Number of protein chains: 2
Amino acid sequence: MESYLYAVGVAAAIAIVFAIVRFSGIMKKDAGDSAMQEISKQVQDGAAAFLRAEYKWLTVFVIVVATAIALSSAENGLGTKTAIAFVAGAFASGLAGYFGMHTATRAAVRTTQGARTSLTEGLSVAFSSGIVMGMSVVGLALGGVVIFTLLYAAGEGFSSASLNHVLGFSFGASSIALFSRVGGGIFTKAADVGADLVGKVEAGIPEDDPRNPGTIADNVGDNVGDVAGMGADLFESYVGSIIATMILGAFAYANQENMEGMVILPLCVAGFGILASMVGTFFVKAKDEAGISAALHFGVTVASVIAIAGSAVFCLAVLSFPAGVVGWKLLVAIAAGTIIGILIGKVTEHYTGTEGKPVQNIAKQSGTGAATNIIHGLATGMESVAAPVLLIAVAILLSYEMAGVYGVAIAAVGMLSTLGITLGVDAYGPVADNAGGLSEMAGLPEEVRNRTDALDAVGNTTAAIGKGFAIGSAALTALALFSAYCSRAGELAVKAGLMEAPTDGTNASIALDINSTNVMVGLLIGGILPFLFSAMTMRAVGNAANAMVEEIRRQFREIPGIMDGTAKPDAARCVKISTDGSLKQMVLPDLLAVLAPIVMGFWSVYALGGMLAGALVTGIMMAIFMANAGGAWDNAKKFIEGGAHGGKGSDSHKAAVVGDTVGDPFKDTSGPSLNILIKLMTVVSVVFLPWFA
Amino acid sequence: MESYLYAVGVAAAIAIVFAIVRFSGIMKKDAGDSAMQEISKQVQDGAAAFLRAEYKWLTVFVIVVATAIALSSAENGLGTKTAIAFVAGAFASGLAGYFGMHTATRAAVRTTQGARTSLTEGLSVAFSSGIVMGMSVVGLALGGVVIFTLLYAAGEGFSSASLNHVLGFSFGASSIALFSRVGGGIFTKAADVGADLVGKVEAGIPEDDPRNPGTIADNVGDNVGDVAGMGADLFESYVGSIIATMILGAFAYANQENMEGMVILPLCVAGFGILASMVGTFFVKAKDEAGISAALHFGVTVASVIAIAGSAVFCLAVLSFPAGVVGWKLLVAIAAGTIIGILIGKVTEHYTGTEGKPVQNIAKQSGTGAATNIIHGLATGMESVAAPVLLIAVAILLSYEMAGVYGVAIAAVGMLSTLGITLGVDAYGPVADNAGGLSEMAGLPEEVRNRTDALDAVGNTTAAIGKGFAIGSAALTALALFSAYCSRAGELAVKAGLMEAPTDGTNASIALDINSTNVMVGLLIGGILPFLFSAMTMRAVGNAANAMVEEIRRQFREIPGIMDGTAKPDAARCVKISTDGSLKQMVLPDLLAVLAPIVMGFWSVYALGGMLAGALVTGIMMAIFMANAGGAWDNAKKFIEGGAHGGKGSDSHKAAVVGDTVGDPFKDTSGPSLNILIKLMTVVSVVFLPWFA
């Protein structure tokens with residue numbers, strides 16, 4: 001059995017090696033002329049400065065929480081072991097984020113330089129950078145899970161307490177995700193809005209103009225939010241879904257022969273998925289502009305097919321399962337997850353793509369002003385909730401039919417199995433975006449800018465699809481963790497004599513009857529949280545942007561010669577102001593996410609269960625609503641800029657700009673932050689269950 | 001026991017008599033000069049034309065559904081008896097709406113005329129009109145419940161099937177509410193937006209200008225949406241909460257001595273509440289502008305105190321309850337409902353009132369453009385969800401602690417017990433609004449217009465508070481109906497041999513375990529519905545408004561002399577276009593509300609339970625979010641118009657107008673329609689349970 005764990009560990013190690021090889025490949029590329037390098041250096045330094053500041057706050061948080069965990073009784077799964085795994089999870093996710101962003105900020109300038117030669121060359125560098133992020137995440141994540149499983153759980157027969165120690169790793173990853181997604185999300189939009197408001201609106205200079213002191217911060221923001229933030233989000237989903245499945249396997253098949261097969265299956269699926277993702281990356285080759293998107297999708301499809309084939313081998317031939325468990329049924333559950341992850345991406349593309357009716361309709365409605373643009377954007381976002389949630393419902397029903405609660409959890413693992421390449425495609429976007437900004441700032445020839453624009457346009461779509469995927473996987477992961485919560489609570493209740501154990505030797509979950517008051521009240525309070533959290537993060541962007549606006553205005557006022565190019569703006573200071581502002585604004589929503597489940601848990605484990613479900617339901621809806629409304633507004637503006645309804649500068653365009661500005665915090669801050677809220681609250685609840693029970 | 005029912009019936013009859021007396025009092029007032037009367041006549045005719053068209057659609061709907069009910073087996077509570085109650089419920093609610101609107105359209109012109117003499121005189125007429133609506137609703141509603149209880153249930157020992165027959169009355173009321181709230185909500189905003197777009201924006205004439213062909217339709221809309229729609233909404237809540245409490249009383253205390261006490265308590269509370277409301281109306285007297293709001297609130301407070309005192313008499317002295325039921329605990333539950341209803345109003349006032357920080361902050365943010373106005377309006381709406389839902393949670397916890405599920409239901413009855421006056425205060429708003437429009441259109445002296453403006457300003461706040469109250473009571477009513485669903489499902493499951501009856505002779509509800517797949521999937525699908533429904537209703541407003549825009553444009557083009565006042569616009573045609581458009585647009589969302597629970601029920605009673613809970617949770621949140629965001633935007637615009645941030649015509653004002661326009665369908669169409677969605681789906685589920693079980 002342990003040999004499987006070692007094999008999975010080797011796959012994880014290969015991923016890390018693969019990432020390093022790709023990284024050094026990128027670094028060998030030409031970094032362009034000195035002007036380009038200088039701008040790039042500023043972005044690199046700014047991004048590193050942000051992460052350093054963020055990690056300082058994180059260190060404090062991690063120390064406080066680790067101490068609380070370490071001081072708790074180890075009997076039911078807390079104590080020093082969990083604390084160590086927690087710190088390791090935070091460290092691993094932070095390292096992946098740091099490395100991914102380090103690469104992305106260096107790859108952007110090389111993408112621009114590559115685009116001077118050809119489109120293919122630019123694509124190759126940008127995609128490589130995405131793959132470094134993707135492979136770092138899956139490698140460090142899976143490696144960590146394997147190590148702690150070997151250290152804590154494998155020797156203890158995967159007991160409930162031992163798996164809770166391992167779950168500490170997931171909780172650590174969640175902490176980073178919270179800080180990266182929320183803090184990074186606030187930073188990226190505050191910098192964007194701040195730079196635009198003073199630069200475009202007040203000073204009348206174009207976007208990405210090097211004279212604007214906020215331009216660098218804006219470019220830093222793309223890396224901070226869309227690379228590091230997105231990476232940490234999916235790191236958390238990946239780890240959370242794997243460990244939740246292990247817990248459910250150990251719980252549902254306790255005391256049965258071959259129970260271990262259920263516990264290591266998610267690890268094997270994830271491990272093979274890494275190899276599949278690596279193979280997939282070699283199929284991403286595009287000759288011309290029209291082929292970029294297809295090339296990226298083809299890579300993902302190849303990886304998915306290989307991953308499912310690999311899962312088939314494990315389910316049907318290699319692993320042994322307890323009596324009554326049918327291998328092909330497990331395979332169907334896994335494949336359902338993988339396929340529905342792709343379908344959710346397609347739905348997102350329909351609602352947010354420039355080619356789709358929804359976006360074109362919003363563009364059309366911009367003709368009667370900003371109000372109709374907003375109303376139709378909001379309506380589109382609300383409508384777009386239905387299809388992805390129905391797909392998730394189908395995945396749940398099908399996978400449950402196949403293998404019960406365990407089936408739902410392993411479907412989440414299936415969805416995330418090809419994360420190495422999916423995240424790669426997604427993290428390609430901000431690199432292409434930055435490359436475009438760089439070619440603009442460095443004043444490169446139009447031909448080059450057209451190439452980087454083509455790369456960027458595809459990046460917008462993959463970013464929107466990536467958001468849909470992130471929400472879908474967050475939903476399934478939260479659901480898997482929710483089931484783990486119910487089962488762990490059942491075990492602890494039996495242990496504490498509060499509930500009777502089933503007479504047939506199996507385990508029993510607690511039942512959360514909606515028609516009981518505590519659960520209903522929990523459901524309602526849980527339903528509030530995504531609304532409150534979104535309100536907080538939206539306000540936070542506004543507040544942090546204000547600080548940025550004041551600083552840019554000050555520089556224009558106090559540094560003479562900025563506008564005529566004789567003096568340089570102090571870009572680093574803008575990054576610092578925005579960093580401080582966004583990290584300060586992050587505290588309140590973060591505290592809400594961490595403390596709400598703990599306070600509720602002390603009152604009632606049932607009410608907490610209800611709260612998790614309520615937050616899950618409204619959280620998924622709000623996340624999809626906001627992400628898709630924001631994406632649709634963005635592309636409605638782009639569609640008009642492409643020449644429709646009067647094109648750039650027309651009244652329709654002005655109305656569309658309002659929608660785009662509203663959509664920015666929707667899609668890049670509040671919406672994605674909800675992924676973290678629903679997952680983190682469930683992880684916190686499972687980890688700290690021993691406190692409440 | 002039956003003597004109590006007769007007494008309650010007498011209270012209901014007194015309410016109707018009181019309404020008729022007040023109505024004839026209004027009609028005796030001076031209706032102003034011929035110009036005023038002519039305009040008023042157009043509004044009266046338009047409103048009547050809308051209702052007639054709406055009731056035509058309704059008749060078809062009622063016939064189809066009544067036939068389906070009548071043809072079902074009567075054994076478990078459907079059949080002819082239920083069909084008759086259903087038709088009666090639809091008729092009673094329709095009659096109350098018609099009479100209330102008939103009065104309101106006649107009272108407006110008399111309010112204007114009264115305001116020529118004094119503020120007090122204007123207030124008195126407008127408030128009287130509100131009271132006619134309030135008393136018609138409670139009188140016809142409670143009267144209907146008493147009659148069907150006497151006919152169907154009292155002689156049968158309040159059996160489950162007999163109470164389901166009575167619930168038909170509630171379902172009938174729900175059908176009217178669906179058509180009135182959704183159709184009326186679409187009408188009122190389509191007319192408003194259409195008239196404004198062509199009149200204010202294109203032709204450059206002021207609001208309520210008699211040259212605008214859409215002005216009459218706009219004024220009709222206020223009556224249709226805010227009088228008839230709101231009345232039907234609360235009629236449904238009132239009836240639904242009373243019957244749900246009766247069902248739960250009969251279920252939870254089945255086979256116990258004095259069970260009847262539990263069944264008739266809600267009727268007694270409601271009956272005495274009518275008398276309390278009538279007494280309260282005599283305390284509404286204001287000398288000057290500053291006193292109007294206080295006078296209205298004072299009337300409600302007096303009514304609430306008397307209603308609670310009356311409930312105390314019934315709980316502590318008059319009625320007998322089963323062993324173990326403590327009178328003062330029931331009283332606490334009732335009082336909790338009454339008080340929390342008032343507190344929810346206060347919270348709404350905080351978030352939407354011109355004096356509050358939230359509105360003033362939105363006004364301030366309008367300085368940086370429409371986008372920041374929208375972002376902060378959305379954030380305010382999202383944040384405003386927390387306090388009302390927490391208050392509802394407190395009401396649930398407290399009333400459950402007092403008397404279990406029955407306690408929660410009776411708290412809803414307590415909240416609605418003073419509906420006679422609460423609805424009166426609320427329906428005062430649109431009358432004052434119309435009176436203001438009339439004085440504008442008839443070109444009355446500034447002094448008069450100042451008085452009607454003062455009346456109207458208070459009306460805006462009472463309307464916002466009324467919306468909060470409507471949502472709060474809808475939530476508690478839906479919750480009571482949800483409990484009734486679980487208990488009826490339990491009974492039917494036991495009867496069908498699917499579940500074992502408890503051995504101690506009591507009844508058992510079905511348990512809806514969130515951690516089971518059907519319930520979780522139901523929860524997710526239910527969560528989608530409010531988003532989808534809101535998207536549909538928001539789009540519907542846009543589509544119906546387009547038809548209106550085209551018609552107004554056509555009239556300006558084809559009828560020469562409109563602009564210089566030599567020719568009259570064809571206002572009736574605008575009303576017809578808007579009526580047809582909104583009724584057509586209503587069909588799709590209405591079908592969703594009716595069919596979703598039936599389709600789901602045939603699949604699984606558990607999934608349906610989950611769906612109801614999911615829709616309840618996201619429905620409450622979305623309803624509060626949209627109503628309060630809309631109210632806040634509206635008053636932020638008013639605050640700027642009052643002179644802040646540059647006043648009327650400034651850039652801030654232009655930004656605030658965008659927010660107000662987005663808020664219109666939010667607060668007057670989509671938000672309030674959700675009240676109906678969550679209640680109607682639960683009623684449909686309970687009524688048609690025999691089909692599924």
# chains A, B, ... in the order shown; residues from 1 in each chain; ligands from 1
>>> interface_residues(of="chain B", to="chain A", cutoff="8 Å", atoms="only C-alpha atoms", output="PyMOL selection string")
chain B and resi 370-372+374-376+378-380+382-383+385-386+389-390+393+396-397+400+405+482-483+486+511-515+517-518+521+523-525+527-529+531-532+534-536+538-539+610+613-614+617-618+621+658-659+661-662
>>> residues_around(residues="range 548-556 of chain B", least_positions_apart="4", cutoff="7 Å", atoms="only C-alpha atoms", output="VMD selection string")
chain B and resid 191 194 198 213 to 214 544 562 569 574 577 to 578
>>> residues_around(residues="range 4-19 of chain B", least_positions_apart="6", cutoff="10 Å", atoms="only C-alpha atoms", output="PyMOL selection string")
chain B and resi 25+96+99-100+103+128-147+149-150+154+264-265+267-275+277-278+319+420
>>> atom_distance(atom1="CA of Ile471 in chain A", atom2="CA of Phe50 in chain A")
25.2 Å
>>> decode(residues="range 409-421 of chain A", atoms="all heavy atoms", output="PDB file, in the first residue's frame")
ATOM      1  N   ALA A 409     -17.323  13.101  -3.692  1.00  0.00           N
ATOM      2  CA  ALA A 409     -16.003  13.639  -3.384  1.00  0.00           C
ATOM      3  C   ALA A 409     -14.984  13.256  -4.453  1.00  0.00           C
ATOM      4  O   ALA A 409     -14.175  14.081  -4.892  1.00  0.00           O
ATOM      5  CB  ALA A 409     -15.552  13.135  -2.008  1.00  0.00           C
ATOM      6  N   ILE A 410     -15.035  12.013  -4.919  1.00  0.00           N
ATOM      7  CA  ILE A 410     -14.043  11.584  -5.914  1.00  0.00           C
ATOM      8  C   ILE A 410     -14.325  12.266  -7.259  1.00  0.00           C
ATOM      9  O   ILE A 410     -13.395  12.484  -8.058  1.00  0.00           O
ATOM     10  CB  ILE A 410     -14.000  10.035  -6.047  1.00  0.00           C
ATOM     11  CG1 ILE A 410     -12.727   9.580  -6.774  1.00  0.00           C
ATOM     12  CG2 ILE A 410     -15.195   9.492  -6.812  1.00  0.00           C
ATOM     13  CD1 ILE A 410     -11.545   9.416  -5.888  1.00  0.00           C
ATOM     14  N   ALA A 411     -15.588  12.678  -7.486  1.00  0.00           N
ATOM     15  CA  ALA A 411     -15.882  13.456  -8.699  1.00  0.00           C
ATOM     16  C   ALA A 411     -15.145  14.794  -8.649  1.00  0.00           C
ATOM     17  O   ALA A 411     -14.641  15.278  -9.667  1.00  0.00           O
ATOM     18  CB  ALA A 411     -17.385  13.668  -8.838  1.00  0.00           C
ATOM     19  N   ALA A 412     -15.100  15.382  -7.462  1.00  0.00           N
ATOM     20  CA  ALA A 412     -14.358  16.641  -7.319  1.00  0.00           C
ATOM     21  C   ALA A 412     -12.891  16.423  -7.640  1.00  0.00           C
ATOM     22  O   ALA A 412     -12.246  17.235  -8.320  1.00  0.00           O
ATOM     23  CB  ALA A 412     -14.520  17.183  -5.900  1.00  0.00           C
ATOM     24  N   VAL A 413     -12.343  15.303  -7.168  1.00  0.00           N
ATOM     25  CA  VAL A 413     -10.946  14.996  -7.473  1.00  0.00           C
ATOM     26  C   VAL A 413     -10.764  14.812  -8.978  1.00  0.00           C
ATOM     27  O   VAL A 413      -9.785  15.284  -9.564  1.00  0.00           O
ATOM     28  CB  VAL A 413     -10.481  13.731  -6.707  1.00  0.00           C
ATOM     29  CG1 VAL A 413      -9.067  13.348  -7.090  1.00  0.00           C
ATOM     30  CG2 VAL A 413     -10.581  13.966  -5.206  1.00  0.00           C
ATOM     31  N   GLY A 414     -11.750  14.140  -9.596  1.00  0.00           N
ATOM     32  CA  GLY A 414     -11.680  13.953 -11.047  1.00  0.00           C
ATOM     33  C   GLY A 414     -11.666  15.291 -11.781  1.00  0.00           C
ATOM     34  O   GLY A 414     -10.906  15.484 -12.737  1.00  0.00           O
ATOM     35  N   MET A 415     -12.511  16.212 -11.314  1.00  0.00           N
ATOM     36  CA  MET A 415     -12.564  17.525 -11.947  1.00  0.00           C
ATOM     37  C   MET A 415     -11.206  18.217 -11.858  1.00  0.00           C
ATOM     38  O   MET A 415     -10.766  18.892 -12.786  1.00  0.00           O
ATOM     39  CB  MET A 415     -13.644  18.370 -11.273  1.00  0.00           C
ATOM     40  CG  MET A 415     -13.905  19.699 -11.952  1.00  0.00           C
ATOM     41  SD  MET A 415     -15.089  20.718 -11.043  1.00  0.00           S
ATOM     42  CE  MET A 415     -16.645  20.145 -11.698  1.00  0.00           C
ATOM     43  N   LEU A 416     -10.540  18.041 -10.732  1.00  0.00           N
ATOM     44  CA  LEU A 416      -9.288  18.748 -10.496  1.00  0.00           C
ATOM     45  C   LEU A 416      -8.055  17.962 -10.922  1.00  0.00           C
ATOM     46  O   LEU A 416      -6.920  18.445 -10.799  1.00  0.00           O
ATOM     47  CB  LEU A 416      -9.184  19.107  -9.015  1.00  0.00           C
ATOM     48  CG  LEU A 416     -10.105  20.254  -8.575  1.00  0.00           C
ATOM     49  CD1 LEU A 416     -10.414  20.174  -7.098  1.00  0.00           C
ATOM     50  CD2 LEU A 416      -9.492  21.595  -8.935  1.00  0.00           C
ATOM     51  N   SER A 417      -8.262  16.728 -11.439  1.00  0.00           N
ATOM     52  CA  SER A 417      -7.097  15.881 -11.691  1.00  0.00           C
ATOM     53  C   SER A 417      -6.149  16.480 -12.732  1.00  0.00           C
ATOM     54  O   SER A 417      -4.947  16.289 -12.656  1.00  0.00           O
ATOM     55  CB  SER A 417      -7.554  14.480 -12.134  1.00  0.00           C
ATOM     56  OG  SER A 417      -8.285  14.574 -13.332  1.00  0.00           O
ATOM     57  N   THR A 418      -6.717  17.196 -13.700  1.00  0.00           N
ATOM     58  CA  THR A 418      -5.849  17.782 -14.740  1.00  0.00           C
ATOM     59  C   THR A 418      -5.496  19.234 -14.422  1.00  0.00           C
ATOM     60  O   THR A 418      -5.214  20.029 -15.325  1.00  0.00           O
ATOM     61  CB  THR A 418      -6.541  17.723 -16.107  1.00  0.00           C
ATOM     62  OG1 THR A 418      -7.814  18.337 -15.982  1.00  0.00           O
ATOM     63  CG2 THR A 418      -6.693  16.304 -16.590  1.00  0.00           C
ATOM     64  N   LEU A 419      -5.507  19.569 -13.133  1.00  0.00           N
ATOM     65  CA  LEU A 419      -5.267  20.960 -12.738  1.00  0.00           C
ATOM     66  C   LEU A 419      -3.940  21.484 -13.263  1.00  0.00           C
ATOM     67  O   LEU A 419      -3.818  22.670 -13.586  1.00  0.00           O
ATOM     68  CB  LEU A 419      -5.326  21.079 -11.212  1.00  0.00           C
ATOM     69  CG  LEU A 419      -5.165  22.502 -10.680  1.00  0.00           C
ATOM     70  CD1 LEU A 419      -6.311  23.378 -11.142  1.00  0.00           C
ATOM     71  CD2 LEU A 419      -5.103  22.506  -9.156  1.00  0.00           C
ATOM     72  N   GLY A 420      -2.940  20.594 -13.366  1.00  0.00           N
ATOM     73  CA  GLY A 420      -1.632  21.025 -13.848  1.00  0.00           C
ATOM     74  C   GLY A 420      -1.728  21.806 -15.143  1.00  0.00           C
ATOM     75  O   GLY A 420      -1.147  22.887 -15.275  1.00  0.00           O
ATOM     76  N   ILE A 421      -2.511  21.291 -16.086  1.00  0.00           N
ATOM     77  CA  ILE A 421      -2.625  21.997 -17.365  1.00  0.00           C
ATOM     78  C   ILE A 421      -3.759  23.030 -17.352  1.00  0.00           C
ATOM     79  O   ILE A 421      -3.633  24.109 -17.942  1.00  0.00           O
ATOM     80  CB  ILE A 421      -2.783  21.004 -18.547  1.00  0.00           C
ATOM     81  CG1 ILE A 421      -2.731  21.781 -19.871  1.00  0.00           C
ATOM     82  CG2 ILE A 421      -4.042  20.184 -18.453  1.00  0.00           C
ATOM     83  CD1 ILE A 421      -2.512  20.919 -21.083  1.00  0.00           C
TER      84      ILE A 421
END
